[in-house]
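The structure file upload28.cif is reproduced below (mmCIF, C-alpha atoms and all ligand atoms).
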```
data_protein
loop_
_atom_site.label_atom_id
_atom_site.label_comp_id
_atom_site.auth_asym_id
_atom_site.auth_seq_id
_atom_site.Cartn_x
_atom_site.Cartn_y
_atom_site.Cartn_z
CA MET A 1 45.29 209.05 127.82
CA ASN A 2 45.22 205.32 128.44
CA VAL A 3 45.35 202.89 125.58
CA SER A 4 42.24 200.78 125.91
CA ASN A 5 42.47 197.07 126.37
CA GLU A 6 40.66 196.68 123.10
CA THR A 7 43.35 198.58 121.24
CA MET A 8 46.06 196.54 122.92
CA GLU A 9 44.49 193.23 121.93
CA ALA A 10 43.04 193.92 118.48
CA PRO A 11 44.72 192.38 115.41
CA LEU A 12 46.34 194.51 112.74
CA GLY A 13 43.45 194.00 110.33
CA GLU A 14 41.11 195.79 112.74
CA ILE A 15 43.48 198.56 113.73
CA ASP A 16 44.95 199.31 110.32
CA PRO A 17 43.30 197.48 107.41
CA GLU A 18 45.13 199.67 104.89
CA ILE A 19 48.53 198.39 106.01
CA GLU A 20 47.28 194.86 106.52
CA LYS A 21 46.02 194.76 102.94
CA LEU A 22 49.35 195.95 101.58
CA ILE A 23 51.21 193.30 103.58
CA GLY A 24 48.85 190.76 102.04
CA ASP A 25 49.52 192.14 98.57
CA GLU A 26 53.25 191.91 99.16
CA PHE A 27 52.85 188.33 100.46
CA ASN A 28 51.03 187.46 97.28
CA ARG A 29 53.78 189.06 95.19
CA GLN A 30 56.43 187.05 97.01
CA ARG A 31 54.45 183.86 96.53
CA THR A 32 53.81 184.27 92.83
CA HIS A 33 57.04 185.82 91.53
CA ILE A 34 60.41 184.28 90.84
CA GLU A 35 62.80 186.14 93.13
CA LEU A 36 66.23 186.62 91.62
CA ILE A 37 67.45 189.68 93.50
CA ALA A 38 70.86 188.47 94.71
CA SER A 39 70.62 190.20 98.09
CA GLU A 40 67.19 188.78 98.95
CA ASN A 41 66.01 185.55 100.49
CA PHE A 42 63.05 183.98 102.27
CA VAL A 43 63.57 183.46 105.99
CA PRO A 44 62.20 180.48 107.91
CA ARG A 45 58.99 181.15 109.79
CA ALA A 46 60.86 180.77 113.10
CA ILE A 47 62.99 183.80 112.23
CA MET A 48 59.91 185.90 111.59
CA GLU A 49 58.38 184.75 114.88
CA ALA A 50 61.44 185.89 116.81
CA GLN A 51 61.56 189.15 114.92
CA GLY A 52 57.87 189.85 115.43
CA SER A 53 57.99 189.03 119.14
CA ILE A 54 57.44 190.98 122.36
CA LEU A 55 61.19 191.59 122.48
CA THR A 56 60.39 194.79 120.60
CA ASN A 57 59.24 196.21 123.96
CA LYS A 58 62.61 196.06 125.67
CA TYR A 59 65.42 198.57 126.03
CA ALA A 60 68.84 197.03 126.70
CA GLU A 61 71.56 199.57 126.00
CA GLY A 62 75.01 198.18 126.66
CA TYR A 63 76.30 194.62 126.56
CA PRO A 64 75.36 191.45 128.50
CA HIS A 65 76.06 191.87 132.24
CA LYS A 66 76.78 195.57 131.67
CA LYS A 67 73.32 196.75 130.66
CA TYR A 68 72.16 200.23 131.51
CA TYR A 69 68.56 199.17 132.19
CA GLY A 70 66.78 196.90 134.63
CA GLY A 71 64.87 193.80 133.61
CA CYS A 72 67.53 192.61 131.18
CA GLU A 73 68.08 189.15 132.68
CA PHE A 74 66.39 187.32 129.80
CA VAL A 75 67.31 189.51 126.89
CA GLU A 76 70.97 189.44 127.85
CA GLN A 77 70.87 185.65 127.71
CA ILE A 78 69.46 185.95 124.20
CA GLU A 79 72.27 188.30 123.21
CA GLU A 80 74.91 186.02 124.74
CA ILE A 81 73.56 183.03 122.84
CA ALA A 82 73.63 185.04 119.59
CA ILE A 83 77.23 186.12 120.27
CA GLU A 84 78.42 182.60 121.08
CA ARG A 85 76.70 181.12 118.02
CA ALA A 86 78.17 183.77 115.71
CA LYS A 87 81.66 183.12 117.08
CA SER A 88 81.38 179.38 116.72
CA LEU A 89 79.72 179.50 113.27
CA PHE A 90 82.50 181.59 111.76
CA GLY A 91 85.38 180.71 114.07
CA ALA A 92 85.75 184.24 115.41
CA GLU A 93 87.33 185.42 118.66
CA HIS A 94 84.72 188.14 119.20
CA ALA A 95 81.30 189.01 117.85
CA ASN A 96 79.06 192.04 118.16
CA VAL A 97 75.50 191.24 117.11
CA GLN A 98 73.96 194.66 117.69
CA PRO A 99 74.41 196.49 114.34
CA HIS A 100 71.03 197.30 112.82
CA ALA A 101 72.35 197.09 109.26
CA GLY A 102 75.40 196.22 107.22
CA THR A 103 76.18 199.88 106.66
CA THR A 104 76.22 200.46 110.43
CA ALA A 105 78.46 197.43 110.98
CA ASN A 106 80.93 198.89 108.49
CA GLN A 107 80.65 202.29 110.13
CA ALA A 108 81.54 200.75 113.50
CA VAL A 109 84.74 199.25 112.08
CA TYR A 110 85.75 202.45 110.28
CA PHE A 111 85.13 204.53 113.41
CA ALA A 112 87.10 202.06 115.52
CA VAL A 113 90.28 202.33 113.47
CA MET A 114 90.22 205.50 111.35
CA ASN A 115 90.14 209.22 111.98
CA PRO A 116 88.45 211.69 109.61
CA GLY A 117 90.75 212.32 106.66
CA ASP A 118 92.38 208.88 106.82
CA THR A 119 92.48 206.75 103.71
CA MET A 120 90.48 203.59 103.04
CA LEU A 121 90.84 201.32 100.03
CA ALA A 122 87.81 199.46 98.71
CA MET A 123 86.27 198.12 95.54
CA LYS A 124 84.89 200.63 93.05
CA LEU A 125 81.15 201.07 93.38
CA ASP A 126 80.50 200.68 89.67
CA GLN A 127 82.51 197.45 89.59
CA GLY A 128 80.90 195.64 92.48
CA GLY A 129 81.57 197.57 95.70
CA HIS A 130 78.91 198.79 98.16
CA LEU A 131 77.78 202.34 98.97
CA SER A 132 79.39 202.03 102.40
CA HIS A 133 82.74 201.37 100.70
CA GLY A 134 83.34 205.01 99.81
CA HIS A 135 80.46 206.38 97.71
CA PRO A 136 80.64 210.21 97.58
CA LEU A 137 77.10 210.52 98.99
CA ASN A 138 77.76 207.98 101.76
CA PHE A 139 79.42 209.08 105.03
CA THR A 140 82.52 207.15 103.95
CA GLY A 141 82.98 209.36 100.92
CA LYS A 142 82.51 212.51 103.02
CA ILE A 143 84.70 211.60 106.00
CA TYR A 144 87.57 209.60 104.49
CA LYS A 145 89.91 209.75 101.56
CA VAL A 146 88.84 206.89 99.36
CA ALA A 147 91.17 204.92 97.12
CA SER A 148 89.63 202.18 95.03
CA TYR A 149 90.44 199.08 93.07
CA GLY A 150 88.41 197.49 90.31
CA VAL A 151 88.53 194.49 88.04
CA ASP A 152 90.86 193.82 85.15
CA ARG A 153 89.41 194.89 81.80
CA ASP A 154 90.06 191.52 80.15
CA THR A 155 89.39 188.98 82.87
CA GLU A 156 86.79 191.13 84.72
CA THR A 157 88.15 189.67 87.95
CA ILE A 158 90.10 191.39 90.74
CA ASP A 159 93.73 191.91 89.75
CA TYR A 160 95.49 191.40 93.09
CA ASP A 161 98.80 192.79 91.84
CA GLU A 162 96.95 195.96 90.94
CA VAL A 163 95.30 196.06 94.39
CA ALA A 164 98.78 195.74 95.93
CA ARG A 165 100.12 198.54 93.74
CA ILE A 166 97.25 200.88 94.69
CA ALA A 167 97.70 199.97 98.37
CA ARG A 168 101.43 200.78 98.24
CA GLU A 169 100.62 204.09 96.58
CA SER A 170 97.66 205.18 98.73
CA ARG A 171 98.76 203.71 102.08
CA PRO A 172 95.26 203.06 103.43
CA LYS A 173 94.51 202.45 107.10
CA VAL A 174 91.82 199.97 106.11
CA ILE A 175 91.52 197.73 103.08
CA VAL A 176 88.00 196.47 102.39
CA ALA A 177 87.50 193.11 100.69
CA GLY A 178 84.00 192.08 99.69
CA ALA A 179 81.38 193.27 97.23
CA SER A 180 77.73 193.44 96.28
CA ALA A 181 78.05 192.38 92.68
CA TYR A 182 81.12 190.22 92.23
CA PRO A 183 80.44 186.73 90.83
CA ARG A 184 83.79 185.15 91.67
CA THR A 185 85.41 183.84 94.84
CA ILE A 186 87.57 186.34 96.68
CA ASP A 187 91.11 185.43 97.75
CA PHE A 188 91.14 186.66 101.34
CA GLY A 189 94.63 185.32 102.00
CA ARG A 190 95.94 187.47 99.18
CA PHE A 191 94.12 190.51 100.55
CA ARG A 192 95.62 189.92 103.98
CA LYS A 193 99.10 189.70 102.50
CA ILE A 194 98.57 193.04 100.78
CA ALA A 195 97.30 194.55 104.03
CA ASP A 196 100.27 193.23 106.01
CA GLU A 197 102.77 194.45 103.42
CA THR A 198 101.32 197.96 103.43
CA GLY A 199 100.57 198.29 107.13
CA ALA A 200 96.79 198.28 106.66
CA LEU A 201 94.03 196.46 108.51
CA LEU A 202 91.82 194.10 106.53
CA MET A 203 88.05 194.38 106.84
CA THR A 204 86.10 191.78 104.91
CA ASP A 205 82.49 192.69 104.21
CA MET A 206 80.92 189.30 103.52
CA ALA A 207 77.30 190.55 103.44
CA HIS A 208 76.47 188.81 100.18
CA ILE A 209 78.29 185.53 100.70
CA ALA A 210 77.84 184.98 104.48
CA GLY A 211 75.44 182.08 103.87
CA LEU A 212 77.88 180.41 101.50
CA VAL A 213 80.65 180.85 104.06
CA ALA A 214 78.51 179.43 106.88
CA GLY A 215 77.49 176.51 104.68
CA GLY A 216 81.03 175.76 103.59
CA ALA A 217 80.49 176.81 99.97
CA HIS A 218 82.95 179.71 100.07
CA GLU A 219 86.23 180.18 101.91
CA ASN A 220 85.78 181.74 105.35
CA PRO A 221 87.38 185.20 105.53
CA THR A 222 87.50 185.22 109.35
CA PRO A 223 90.97 183.66 109.83
CA HIS A 224 92.41 186.14 107.31
CA SER A 225 90.72 189.34 108.46
CA HIS A 226 91.14 191.74 111.34
CA PHE A 227 87.42 192.49 110.99
CA VAL A 228 84.55 190.75 109.25
CA THR A 229 81.23 192.51 108.78
CA SER A 230 78.03 191.06 107.43
CA THR A 231 74.32 191.47 107.11
CA THR A 232 72.14 188.55 108.18
CA GLN A 233 69.32 188.92 105.62
CA LYS A 234 71.07 187.93 102.41
CA SER A 235 72.41 184.44 101.64
CA LEU A 236 72.62 183.77 105.41
CA ARG A 237 68.79 183.70 105.41
CA GLY A 238 68.26 185.57 108.66
CA PRO A 239 66.51 188.74 109.81
CA ARG A 240 67.31 192.22 108.51
CA GLY A 241 70.35 193.09 110.58
CA ALA A 242 74.09 192.73 110.82
CA PHE A 243 77.08 191.79 112.96
CA VAL A 244 80.81 192.39 113.29
CA LEU A 245 83.45 189.74 113.97
CA CYS A 246 86.97 190.61 115.07
CA THR A 247 90.02 189.40 116.88
CA LYS A 248 90.20 189.79 120.70
CA GLU A 249 92.59 192.68 120.25
CA TYR A 250 89.85 194.87 118.74
CA ALA A 251 86.88 193.57 120.75
CA ALA A 252 86.59 196.50 123.13
CA ASP A 253 87.05 199.07 120.35
CA ILE A 254 84.33 197.49 118.23
CA ASP A 255 81.89 197.21 121.11
CA ARG A 256 82.46 200.86 121.98
CA THR A 257 81.99 202.12 118.44
CA VAL A 258 78.77 200.13 117.91
CA PHE A 259 77.35 201.37 121.23
CA PRO A 260 77.46 204.20 122.15
CA GLY A 261 79.46 205.15 119.04
CA VAL A 262 76.96 204.78 116.23
CA GLN A 263 73.86 203.25 117.83
CA GLY A 264 71.67 203.50 120.89
CA GLY A 265 69.58 200.60 122.09
CA PRO A 266 69.88 197.27 120.29
CA LEU A 267 66.91 195.62 118.58
CA LEU A 268 66.45 192.57 120.78
CA GLN A 269 63.84 191.08 118.47
CA ALA A 270 66.40 191.16 115.65
CA ILE A 271 69.14 189.78 117.90
CA ALA A 272 66.90 186.84 118.88
CA ALA A 273 66.23 186.20 115.20
CA LYS A 274 69.98 186.41 114.47
CA ALA A 275 70.58 183.78 117.18
CA THR A 276 68.07 181.45 115.51
CA CYS A 277 69.60 182.22 112.11
CA PHE A 278 73.10 181.26 113.37
CA LYS A 279 71.70 178.06 114.87
CA LEU A 280 70.11 177.03 111.57
CA ALA A 281 73.18 178.04 109.59
CA GLY A 282 75.30 175.63 111.64
CA GLU A 283 73.19 172.62 110.73
CA PRO A 284 74.09 170.14 107.96
CA GLU A 285 70.90 171.01 106.07
CA PHE A 286 72.17 174.56 105.68
CA GLY A 287 75.34 173.24 104.04
CA GLU A 288 73.15 171.46 101.51
CA TYR A 289 71.27 174.69 100.85
CA ALA A 290 74.52 176.64 100.40
CA ARG A 291 75.93 174.09 97.96
CA GLN A 292 72.64 174.06 96.05
CA VAL A 293 72.66 177.88 95.81
CA VAL A 294 76.05 177.64 94.07
CA LYS A 295 74.97 174.74 91.84
CA ASN A 296 71.83 176.61 90.87
CA ALA A 297 73.78 179.74 89.99
CA ALA A 298 76.21 177.70 87.89
CA GLU A 299 73.32 176.02 86.07
CA MET A 300 71.49 179.28 85.41
CA ALA A 301 74.74 180.81 84.16
CA ARG A 302 75.36 177.90 81.80
CA ALA A 303 71.82 178.05 80.48
CA LEU A 304 71.92 181.81 79.90
CA GLN A 305 75.24 181.50 78.09
CA GLY A 306 73.61 178.84 75.92
CA TYR A 307 71.05 181.48 74.90
CA GLY A 308 73.82 183.86 73.89
CA PHE A 309 74.01 186.02 77.00
CA ARG A 310 77.46 187.24 78.01
CA LEU A 311 78.28 186.92 81.68
CA VAL A 312 80.78 189.26 83.30
CA SER A 313 83.99 187.27 84.00
CA GLY A 314 82.55 184.39 81.98
CA GLY A 315 80.47 182.81 84.73
CA THR A 316 80.04 182.52 88.48
CA ASP A 317 81.59 180.79 91.48
CA ASN A 318 79.03 181.96 94.01
CA HIS A 319 75.32 182.79 94.27
CA LEU A 320 75.18 185.56 91.68
CA MET A 321 75.93 186.45 88.11
CA LEU A 322 76.15 189.70 86.23
CA VAL A 323 74.62 189.57 82.78
CA ASP A 324 76.02 191.90 80.12
CA LEU A 325 72.92 192.72 78.07
CA ARG A 326 74.66 194.59 75.27
CA PRO A 327 74.74 191.61 72.88
CA LYS A 328 70.94 191.52 73.26
CA ASN A 329 70.57 195.25 72.60
CA ILE A 330 68.59 195.94 75.73
CA THR A 331 69.46 198.07 78.78
CA GLY A 332 69.38 196.94 82.39
CA LYS A 333 66.57 199.38 83.09
CA VAL A 334 64.28 197.97 80.40
CA ALA A 335 65.24 194.36 81.18
CA GLU A 336 64.39 194.78 84.86
CA ARG A 337 60.98 196.26 83.97
CA VAL A 338 59.89 193.67 81.40
CA LEU A 339 61.08 190.76 83.52
CA GLU A 340 59.08 192.13 86.45
CA GLU A 341 56.00 192.25 84.20
CA ALA A 342 56.70 188.61 83.36
CA GLY A 343 56.85 187.62 87.06
CA ILE A 344 60.64 187.56 87.44
CA THR A 345 62.13 190.02 89.94
CA SER A 346 65.72 191.13 89.45
CA ASN A 347 67.72 194.35 89.42
CA LYS A 348 69.58 196.34 86.83
CA ASN A 349 73.23 196.63 87.70
CA ALA A 350 76.25 198.40 86.28
CA ILE A 351 78.75 196.07 84.66
CA PRO A 352 82.47 196.90 84.83
CA PHE A 353 83.29 199.79 82.46
CA ASP A 354 79.58 200.26 81.77
CA PRO A 355 78.95 202.83 79.03
CA GLU A 356 75.42 203.49 80.36
CA LYS A 357 74.44 205.77 83.24
CA PRO A 358 73.93 204.15 86.71
CA ALA A 359 70.15 204.70 86.38
CA VAL A 360 70.12 202.78 83.08
CA THR A 361 73.06 200.33 83.05
CA SER A 362 73.97 197.55 80.62
CA GLY A 363 73.65 194.79 83.13
CA LEU A 364 71.35 192.64 85.19
CA ARG A 365 72.30 191.04 88.51
CA LEU A 366 70.75 187.64 89.16
CA GLY A 367 71.08 185.56 92.33
CA THR A 368 69.85 182.13 93.34
CA ALA A 369 69.62 182.23 97.15
CA ALA A 370 65.87 182.97 97.33
CA VAL A 371 64.78 180.44 94.70
CA THR A 372 66.97 177.82 96.38
CA SER A 373 65.28 178.51 99.72
CA ARG A 374 61.99 177.75 97.97
CA GLY A 375 63.40 174.35 97.05
CA MET A 376 64.17 174.91 93.38
CA LYS A 377 66.99 172.97 91.73
CA GLU A 378 68.81 172.80 88.39
CA ASN A 379 65.72 171.94 86.29
CA GLU A 380 63.93 175.04 87.51
CA MET A 381 67.03 177.16 86.85
CA ARG A 382 66.97 176.04 83.22
CA GLU A 383 63.27 176.84 83.00
CA ILE A 384 63.81 180.33 84.46
CA ALA A 385 66.77 180.97 82.13
CA ARG A 386 64.59 180.02 79.16
CA ALA A 387 61.90 182.41 80.38
CA ILE A 388 64.44 185.22 80.75
CA ASP A 389 65.67 184.61 77.22
CA GLU A 390 62.14 184.62 75.78
CA VAL A 391 61.23 187.90 77.47
CA LEU A 392 64.48 189.72 76.73
CA SER A 393 64.52 188.54 73.12
CA LYS A 394 61.11 190.17 72.54
CA PRO A 395 60.78 192.82 75.24
CA ALA A 396 57.92 194.60 73.46
CA ASP A 397 55.84 191.47 72.86
CA GLU A 398 52.96 191.53 75.35
CA SER A 399 51.86 188.00 74.50
CA VAL A 400 55.29 186.59 75.35
CA ILE A 401 55.31 188.49 78.65
CA ARG A 402 51.81 187.26 79.50
CA ALA A 403 52.65 183.63 78.67
CA VAL A 404 55.84 183.73 80.73
CA ARG A 405 54.03 185.33 83.67
CA VAL A 406 51.56 182.44 83.74
CA ARG A 407 54.40 179.92 83.58
CA MET A 408 56.34 181.63 86.36
CA ALA A 409 53.23 181.74 88.58
CA ASP A 410 52.73 178.01 87.94
CA LEU A 411 56.37 177.33 88.74
CA SER A 412 56.04 179.38 91.94
CA SER A 413 52.96 177.51 93.05
CA SER A 414 54.81 174.19 92.72
CA PHE A 415 57.19 175.49 95.41
CA PRO A 416 54.78 176.86 98.01
CA LEU A 417 56.03 179.56 100.33
CA TYR A 418 54.92 179.64 103.99
CA LYS A 419 52.08 177.13 103.64
CA SER A 420 51.43 177.47 107.37
CA ILE A 421 50.86 181.22 107.22
CA LYS A 422 47.48 182.61 106.23
CA GLU A 423 47.28 185.68 104.05
C1 LIG A 501 74.03 194.67 101.41
C2 LIG A 501 75.42 195.09 101.70
C3 LIG A 501 75.73 195.89 102.81
C4 LIG A 501 74.80 196.54 103.77
O1 LIG A 501 73.57 196.58 103.69
P1 LIG A 501 72.46 197.32 104.55
O2 LIG A 501 71.43 197.57 103.54
O3 LIG A 501 73.06 198.54 105.14
O4 LIG A 501 72.08 196.32 105.59
C5 LIG A 501 77.07 196.16 103.07
N1 LIG A 501 78.02 195.67 102.29
C6 LIG A 501 77.76 194.91 101.22
C7 LIG A 501 78.90 194.40 100.42
C8 LIG A 501 76.45 194.60 100.88
O5 LIG A 501 76.21 193.86 99.79
#
```

What does the file become when written as structure tokens?
Ligand SMILES: *Cc1c(COP(=O)(O)O)cnc(C)c1O
Amino acid sequence: MNVSNETMEAPLGEIDPEIEKLIGDEFNRQRTHIELIASENFVPRAIMEAQGSILTNKYAEGYPHKKYYGGCEFVEQIEEIAIERAKSLFGAEHANVQPHAGTTANQAVYFAVMNPGDTMLAMKLDQGGHLSHGHPLNFTGKIYKVASYGVDRDTETIDYDEVARIARESRPKVIVAGASAYPRTIDFGRFRKIADETGALLMTDMAHIAGLVAGGAHENPTPHSHFVTSTTQKSLRGPRGAFVLCTKEYAADIDRTVFPGVQGGPLLQAIAAKATCFKLAGEPEFGEYARQVVKNAAEMARALQGYGFRLVSGGTDNHLMLVDLRPKNITGKVAERVLEEAGITSNKNAIPFDPEKPAVTSGLRLGTAAVTSRGMKENEMREIARAIDEVLSKPADESVIRAVRVRMADLSSSFPLYKSIKE
């Protein structure tokens, strides 16, 4: 059966009003809530245009100039531009921009250098690591032997001597640096030294901090690492997707494990959006954004500490902080729920040595990338911190929640999101 011209040309609202309405509802939620989920951001309109483009129609298995399909002369230029921009942004010898997600990027590196049963060493999941760093339910936990390092009980920061000791003992093929909930800078040079001393390869997963790295607000792991993996949708403020950087030596292995190893055809629409993301991330304005993300996190941390909250490791160097809620006698699960009711979106998160179950937790993870993209600065961080304190001090008080929700909606409307896009 032919698809009628009418179907081909009709807008979403005519074809599928149910979905269109829900997109509108979600747009409204994004506009009116204070977004503090540390892995989220708001992308420029240009990124969404690229990602919502006709590129979705194209198959282009393989790499530029070695594509397995006809008609690739334009899309391969897009991919080449994305590759060149990624290399120049992070100072890498090689880039693969095809991974659909951060987990897949990590998978490509693991498959390139490990065999089933080999050992990898990564950060403990309940102390900041990511699922793809060895969680028992993730493929990493099923295929590899997983050794792990955590943070020191007193300082709550990575104890590099301890990492070195565990590496000497477990002899991993790959050491993973990088985390999803670690508020401090990571010493990549130290990690590389440990890797070299123990005959391991260093993979840095910079998913969370890629935007800070691109903007010069965090040390760049690329010169220290054999492999760097990252998502593009977090602090880097790009589309949902990922990439791998590596030295020339591993270029062919990485390309082979991404395709045909773990993926089929690339998402050209996402690759175009990644190219635009890398372009924007190389501009001076992005450096200002990155520095402001860090300043905003520091200010929010200071303000929360002023209200008696305890922060894991005593503060933050990057875009996120982990709040230990135990002094306030509230769990992460309840805090996340009441803050959401008050118009502040965040996520519960295990703190190191958390006595609560993972579904409950004693902590809250807060990040400042998204609010910074909206244009908020230190004053707004203090206002949000005050709101968080009010809600979490009286989590059962509906009138407090209602009053804060109104204030947060007002605050949101002073920093309009996507003025040029209709609901
Ligand atoms: C977010 C994240 C990933 C991957 O995320 P996907 O959801 O698979 O894109 C990988 N590593 C770290 C450290 C992350 O924070």

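Residues surrounding stretch 368-374 of chain A within 8 Å are Ile34, Glu35, Leu36, Ile37, Ala38, Glu40, Asn41, Phe42, Lys234, Ser235, Tyr289, Gln292, Val293, Val294, Asn296, Ala297, His319, Leu320, Phe415, Pro416 and Leu417 of chain A [all atoms listed in the file; sequence separation below 5 positions excluded].
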
From the set A:Phe227, A:Tyr250, A:Phe278, A:Tyr110, which residue has the shortest atom-to-atom contact distance to A:Val262, counting all atoms listed in the file?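 Checking each candidate against A:Val262, we get A:Tyr110 as the closest.
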
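Put simply, atom CA of A:Ala270 is 29.1 Å away from atom CA of A:Thr185.
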
Ligand LIG 501 (chain A): which residues are within 6 Å, counting all atoms listed in the file, as a PDB file with C-alpha atoms, in the coordinates of the input?
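Just written: out_36.pdb:
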```pdb
ATOM      1  CA  ALA A 101      72.350 197.090 109.260  1.00  0.00           C
ATOM      2  CA  GLY A 102      75.400 196.220 107.220  1.00  0.00           C
ATOM      3  CA  THR A 103      76.180 199.880 106.660  1.00  0.00           C
ATOM      4  CA  HIS A 130      78.910 198.790  98.160  1.00  0.00           C
ATOM      5  CA  GLY A 178      84.000 192.080  99.690  1.00  0.00           C
ATOM      6  CA  ALA A 179      81.380 193.270  97.230  1.00  0.00           C
ATOM      7  CA  SER A 180      77.730 193.440  96.280  1.00  0.00           C
ATOM      8  CA  ASP A 205      82.490 192.690 104.210  1.00  0.00           C
ATOM      9  CA  ALA A 207      77.300 190.550 103.440  1.00  0.00           C
ATOM     10  CA  HIS A 208      76.470 188.810 100.180  1.00  0.00           C
ATOM     11  CA  THR A 231      74.320 191.470 107.110  1.00  0.00           C
TER      12      THR A 231
END
```

Counting all atoms listed in the file, find residues at most 7 Å from (90.5, 197.2, 103.3) (file frame) and give them as a list in words.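 Checking each residue against the 7 Å limit leaves Met120, Leu121, Ala122, Val174, Ile175, Val176, Ala177, Leu201, Leu202 and Met203 of chain A.
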
Separation of atom CA of A:Pro116 and atom CA of A:Gly141, in Å?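 Computed distance, atom CA of A:Pro116 to atom CA of A:Gly141, equals 10.5 Å.
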
List as a PyMOL selection string the protein and nucleic acid residues near A:Gly71, meaning an atom at most 12 Å away when only C-alpha atoms are counted, but skip any in the same chain fewer than 4 places from it. chain A and resi 55+57-61+64-65+67+75-77

Atomic separation - atom CA of A:Val146 relative to atom CA of A:Asp118, Å: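 Between atom CA of A:Asp118 and atom CA of A:Val146 the gap is 8.5 Å.
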
List the spatial neighbours of A:Pro44 as an mmCIF file with C-alpha atoms, keeping the file's coordinate frame - criterion: any atom at most 12 Å away, all atoms listed in the file, same-chain residues fewer than 5 positions off excluded.
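File around.cif, as written:
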```cif
data_model
loop_
_atom_site.group_PDB
_atom_site.id
_atom_site.type_symbol
_atom_site.label_atom_id
_atom_site.label_comp_id
_atom_site.auth_asym_id
_atom_site.auth_seq_id
_atom_site.Cartn_x
_atom_site.Cartn_y
_atom_site.Cartn_z
ATOM 1 C CA GLU A 49 58.380 184.750 114.880
ATOM 2 C CA ALA A 50 61.440 185.890 116.810
ATOM 3 C CA GLN A 51 61.560 189.150 114.920
ATOM 4 C CA GLN A 233 69.320 188.920 105.620
ATOM 5 C CA LEU A 236 72.620 183.770 105.410
ATOM 6 C CA ARG A 237 68.790 183.700 105.410
ATOM 7 C CA GLY A 238 68.260 185.570 108.660
ATOM 8 C CA PRO A 239 66.510 188.740 109.810
ATOM 9 C CA ALA A 273 66.230 186.200 115.200
ATOM 10 C CA LYS A 274 69.980 186.410 114.470
ATOM 11 C CA THR A 276 68.070 181.450 115.510
ATOM 12 C CA CYS A 277 69.600 182.220 112.110
ATOM 13 C CA LEU A 280 70.110 177.030 111.570
ATOM 14 C CA ALA A 281 73.180 178.040 109.590
ATOM 15 C CA PHE A 286 72.170 174.560 105.680
ATOM 16 C CA ALA A 370 65.870 182.970 97.330
ATOM 17 C CA SER A 373 65.280 178.510 99.720
ATOM 18 C CA ARG A 374 61.990 177.750 97.970
ATOM 19 C CA LEU A 417 56.030 179.560 100.330
ATOM 20 C CA TYR A 418 54.920 179.640 103.990
ATOM 21 C CA LYS A 419 52.080 177.130 103.640
ATOM 22 C CA SER A 420 51.430 177.470 107.370
ATOM 23 C CA ILE A 421 50.860 181.220 107.220
#
```

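Residues within 9 Å of A:Ala86, counting all atoms listed in the file and excluding same-chain residues fewer than 2 positions away, are Ile81, Ala82, Ile83, Glu84, Ser88, Leu89, Phe90, Gly91, Ala92, His94, Ala95, Asn96, Val97, Phe243, Leu245, Lys274, Ala275, Phe278 and Lys279 of chain A.
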
Write out as JSON, numbers by chain the residues lying within 10 Å of A:Arg190, counting all atoms listed in the file and excluding same-chain residues fewer than 6 positions away. {"A": [160, 161, 163, 164, 196, 224]}

How would the residues just picked look written out with C-alpha atoms as a short mmCIF file (atom, residue, chain, number, x, y, z; two decimals), keeping the file's coordinate frame?
```cif
data_model
loop_
_atom_site.label_atom_id
_atom_site.label_comp_id
_atom_site.auth_asym_id
_atom_site.auth_seq_id
_atom_site.Cartn_x
_atom_site.Cartn_y
_atom_site.Cartn_z
CA TYR A 160 95.49 191.40 93.09
CA ASP A 161 98.80 192.79 91.84
CA VAL A 163 95.30 196.06 94.39
CA ALA A 164 98.78 195.74 95.93
CA ASP A 196 100.27 193.23 106.01
CA HIS A 224 92.41 186.14 107.31
#
```

Given only C-alpha atoms as the counted atoms, nearest of A:Met381, A:Ile271, A:Met300, A:Val228 to A:Glu93: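 Closest to A:Glu93 of all the choices is A:Val228.
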
Let me make sure I understand: among A:Val400, A:Met8, A:Ala298, A:Met123, which one has the smallest atom-to-atom distance to A:Tyr182 if we use only C-alpha atoms?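 Of the candidates, the smallest distance to A:Tyr182 is held by A:Met123.
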
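Nearest-residue note for A:Thr222: choosing from A:Val113, A:Phe188, A:Thr331, A:Glu197, the minimum distance belongs to A:Phe188, counting all atoms listed in the file.
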
Within 9 Å of (75.2, 190.3, 76.5), in the coordinates the file gives, what residues turn up when you count all atoms listed in the file, written out as a PyMOL selection string? chain A and resi 305+308-312+323-330+362-363

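Compared by their closest atoms to A:Arg85, and using all atoms listed in the file, the residues A:Ala272, A:Ala251, A:Leu131, A:Ala147 rank with A:Ala272 nearest.
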
When you count all atoms listed in the file, which of these residues is closest to A:Asp126: A:Cys72, A:Val213, A:Ala350, A:Ile194? A:Ala350
